[in-house]
Structure formats: C-alpha cells, structure tokens
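To start, the structure under review is shown below, and the notes come after it.
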Amino acid sequence: AYAACYDALPQDQVTMNKYLNMPVRVAQMPAPAGSSFSRPVYDARKYKSLIAAITAIEKKDAVLLIANKQSIQTNITLPENIRLRFQTSGRLNIKQGVSFKINGHIEAGLFQIFTGKGLVNFTSGSLKKVYPQWWGAKGDGKTDDTLAIQMAINAYNVVFIPRGIYILGTITPGRNYLENRLLSLRSNVSIIGTGKQSVLKLKNHLLDNPNDNMSNAHIMGGYDISNISVNKRCFD
C-alpha cells in the first residue's frame with residue numbers, strides 16, 4: 001500500500017497512570033498554590049450521581065475523583081472550577097443524545113474514560129489536546145479505532161494521535177458514493193501525530209465491496225468546512 005508520511009516529532013508521553021491511581025491526599029508537603037494538589041478532592045463514589053457531586057462542590061476550586069463507572073443521563077456542564085481526575089477504573093458513560101460540556105480540566109492517562117454514544121464537548125482553552133484513547137482507541141494494528149478517533153474529533157479542536165497503528169474500518173456514507181468517508185472533519189480542527197510512528201491504516205479489503213456505493217471512500221472529509229490541519233501523521 002502507498003504510505004504518505006510526515007516528519008516525526010519526539011513521542012508525547014503521558015505518564016500519569018501510576019499517579020492517578022495513588023490514594024488520595026498522599027502528599028505530605030504543602031502543595032504550590034493553584035496546583036491540583038492544593039485543591040480539596042471530592043470522590044464521586046460518595047454521591048448519588050455525578051450531578052450531586054458537582055452541586056456539592058458549588059463554586060469551590062476542587063478536584064472531582066472519578067474512580068468507577070458514572071452514568072450521565074441528562075445534559076451536564078462541568079464548571080471551570082472543577083478538575084476531573086480519572087483513575088484507570090473510572091468511566092463516564094454518556095447516554096445517546098446527551099451532551100457533557102466540560103469547562104474545567106482533565107487529569108487522565110492514555111486509557112478509556114468515556115463510553116456511550118453521547119457527546120463530550122470541551123470548551124476552547126480548557127485543555128491542550130484530547131486523545132482517541134480516552135474513547136477506547138487501541139492503536140494496536142488490529143482494533144477498529146474509527147469511532148474513537150471520530151469521537152475525539154467531535155469533542156475538541158486539537159486531537160493528538162500517539163504512536164501506534166490505528167485501523168480505520170468503518171465507512172460513513174456520504175450524499176453519494178464520491179463523498180463516502182471514514183472520518184468526518186469539522187472547521188477549526190487540528191489533528192497531530194508523531195510522524196511515521198502515528199499511522200492511520202485502512203482495514204484490509206475495506207474497499208473490496210462489490211457494491212459501487214461502498215467501494216469508494218475518502219480517509220477524511222466534510223461539508224462546508226475551513227481551517228483544517230493534519231500534521232505529522234502517516235497514512236497507509
């Protein structure tokens with residue numbers, strides 16, 4: 001297959017996993033003012049729902065610990081003063097048709113933190129980038145990561161693809177067969193990788209379908225969009 005690659009950058013390392021699963025309040029020295037260590041920690045498990053935990057925090061600068069599966073059944077906005085800290089066992093399951101808007105920050109490693117078909121929306125400037133791994137991408141060269149990457153694109157304007165081979169195997173039909181695509185873009189989105197180590201690979205025989213309407217697809221596409229950038233990536 002033809003591969004079009006970009007110059008590699010040093011691998012972005014997210015090494016928070018061990019820290020995120022340490023017991024809460026382990027620091028014995030005063031934390032710098034304004035850091036997440038200096039904020040009180042609220043454990044979502046102690047409340048009836050995520051909304052109840054957010055309500056209890058009110059306007060205080062605080063960390064909300066997500067250490068188990070929490071269901072979001074109605075639209076919620078997380079205020080700027082609350083920072084979500086995920087342990088590897090923590091998940092937010094968002095119901096289809098529901099939106100979870102995040103104005104605060106996220107502390108999470110390269111593991112899944114969002115499930116369900118609902119929409120996650122980060123406000124501009126709430127964080128530097130999002131990772132497809134937060135929606136379950138594996139980058140193992142075997143798993144179909146199309147949906148996870150799409151959810152990341154839908155959630156924020158900067159998507160970082162860590163090193164790995166990400167299989168694209170799910171075609172979204174367009175208005176006609178010339179507009180079929182695997183990933184749907186929107187305006188003002190940047191997709192960044194690590195060069196040759198971040199690979200988007202078409203699933204084997206994906207376009208062998210005898211149906212003409214499904215035997216053609218663009219890797220990325222969209223309608224009436226502008227200001228798109230795709231940098232330091234490799235397509236196979």
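Identifiers in this document derive from the order of the structure tokens: chains are assigned A, B, ..., residues are numbered from 1 separately in each chain, and ligands are numbered from 1 in order of occurrence.
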
Give the helix (DSSP H, G or I) residues of region 20-207 of chain A, as assigned by DSSP on the backbone, as a ChimeraX atom specification. /A:20,36-38,44-46,50-57,132-135,146-155,177-179,195-197

Those same residues - C-alpha atoms - I'd like them written as a PDB file, in the first residue's frame.
```
ATOM      1  CA  LEU A  20      -3.756   8.808  39.064  1.00  0.00           C
ATOM      2  CA  SER A  36      -4.401  20.481  41.657  1.00  0.00           C
ATOM      3  CA  PHE A  37      -2.654  19.108  44.763  1.00  0.00           C
ATOM      4  CA  SER A  38      -3.756  22.171  46.730  1.00  0.00           C
ATOM      5  CA  ALA A  44     -17.799  10.873  43.055  1.00  0.00           C
ATOM      6  CA  ARG A  45     -18.480   7.440  44.569  1.00  0.00           C
ATOM      7  CA  LYS A  46     -19.753   9.108  47.741  1.00  0.00           C
ATOM      8  CA  LEU A  50     -22.285  12.993  39.183  1.00  0.00           C
ATOM      9  CA  ILE A  51     -24.696  15.939  39.242  1.00  0.00           C
ATOM     10  CA  ALA A  52     -24.968  15.628  43.026  1.00  0.00           C
ATOM     11  CA  ALA A  53     -21.173  15.715  43.345  1.00  0.00           C
ATOM     12  CA  ILE A  54     -20.899  18.788  41.110  1.00  0.00           C
ATOM     13  CA  THR A  55     -23.648  20.510  43.099  1.00  0.00           C
ATOM     14  CA  ALA A  56     -21.865  19.762  46.388  1.00  0.00           C
ATOM     15  CA  ILE A  57     -18.659  21.373  45.161  1.00  0.00           C
ATOM     16  CA  PRO A 132      -8.534   8.938  20.982  1.00  0.00           C
ATOM     17  CA  GLN A 133      -7.539   6.583  23.795  1.00  0.00           C
ATOM     18  CA  TRP A 134     -10.000   8.462  26.021  1.00  0.00           C
ATOM     19  CA  TRP A 135     -12.758   6.961  23.849  1.00  0.00           C
ATOM     20  CA  THR A 146     -12.512   4.707  13.621  1.00  0.00           C
ATOM     21  CA  LEU A 147     -15.252   5.566  16.117  1.00  0.00           C
ATOM     22  CA  ALA A 148     -12.829   6.505  18.911  1.00  0.00           C
ATOM     23  CA  ILE A 149     -10.916   8.897  16.647  1.00  0.00           C
ATOM     24  CA  GLN A 150     -14.197  10.369  15.384  1.00  0.00           C
ATOM     25  CA  MET A 151     -15.422  10.975  18.936  1.00  0.00           C
ATOM     26  CA  ALA A 152     -12.174  12.788  19.718  1.00  0.00           C
ATOM     27  CA  ILE A 153     -12.581  14.972  16.625  1.00  0.00           C
ATOM     28  CA  ASN A 154     -16.150  15.763  17.680  1.00  0.00           C
ATOM     29  CA  ALA A 155     -15.052  16.709  21.192  1.00  0.00           C
ATOM     30  CA  TYR A 177     -20.513   7.378  -3.320  1.00  0.00           C
ATOM     31  CA  LEU A 178     -17.909  10.062  -4.103  1.00  0.00           C
ATOM     32  CA  GLU A 179     -18.442  11.567  -0.655  1.00  0.00           C
ATOM     33  CA  GLY A 195       5.176  11.352  12.239  1.00  0.00           C
ATOM     34  CA  LYS A 196       5.973   7.864  10.973  1.00  0.00           C
ATOM     35  CA  GLN A 197       5.089   6.383  14.364  1.00  0.00           C
TER      36      GLN A 197
END
```

Could you pull out all residues of region 48-214 of chain A with a DSSP call of strand (DSSP E) and give them as a PyMOL selection string? chain A and resi 62-66+69-72+76-78+82-86+91-94+99-102+106-107+114-115+119-122+140-144+158-160+164-168+181-184+190-192+198-202

List the spatial neighbours of region 113-120 of chain A as a list in words - criterion: any atom at most 6 Å away, only C-alpha atoms, same-chain residues fewer than 3 positions off excluded. Arg91, Leu92, Asn93, Ile94, Lys95, Gln96, Gly97, Val98, Ser99, Phe100, Trp134, Trp135 and Ala155 of chain A

From the list A:Gly136, A:Gly169, A:Gly109, A:Gly125, the nearest residue to Tyr156 (chain A) using only C-alpha atoms is A:Gly125

In Å and to one decimal, CA of Val230 (chain A) is distant from CA of Thr172 (chain A) by 19.6 Å

Shortest interatomic distance to Lys201 (chain A) - which of A:Lys101, A:Arg186, A:Lys142, A:Arg181, counting only C-alpha atoms: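 Closest candidate: A:Lys142.
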
Might you pull out every residue within 7 Å of Val41 (chain A), with only C-alpha atoms counted and same-chain residues fewer than 3 positions away left off, and present them as a count of residues only? 4

Which of these residues is nearest to Gly104 (chain A), using only C-alpha atoms: A:Val130, A:Asp61, A:Asn75, A:Pro162?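 Smallest separation from Gly104 (chain A) among the options: A:Asp61.
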
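Proximity of A:Val199, A:Leu168, A:Val159, A:Leu127 to Glu107 (chain A), computed with only C-alpha atoms, is greatest for A:Leu127.
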
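The space separating CA of Asp145 (chain A) from CA of Ile191 (chain A) comes to 14.9 Å.
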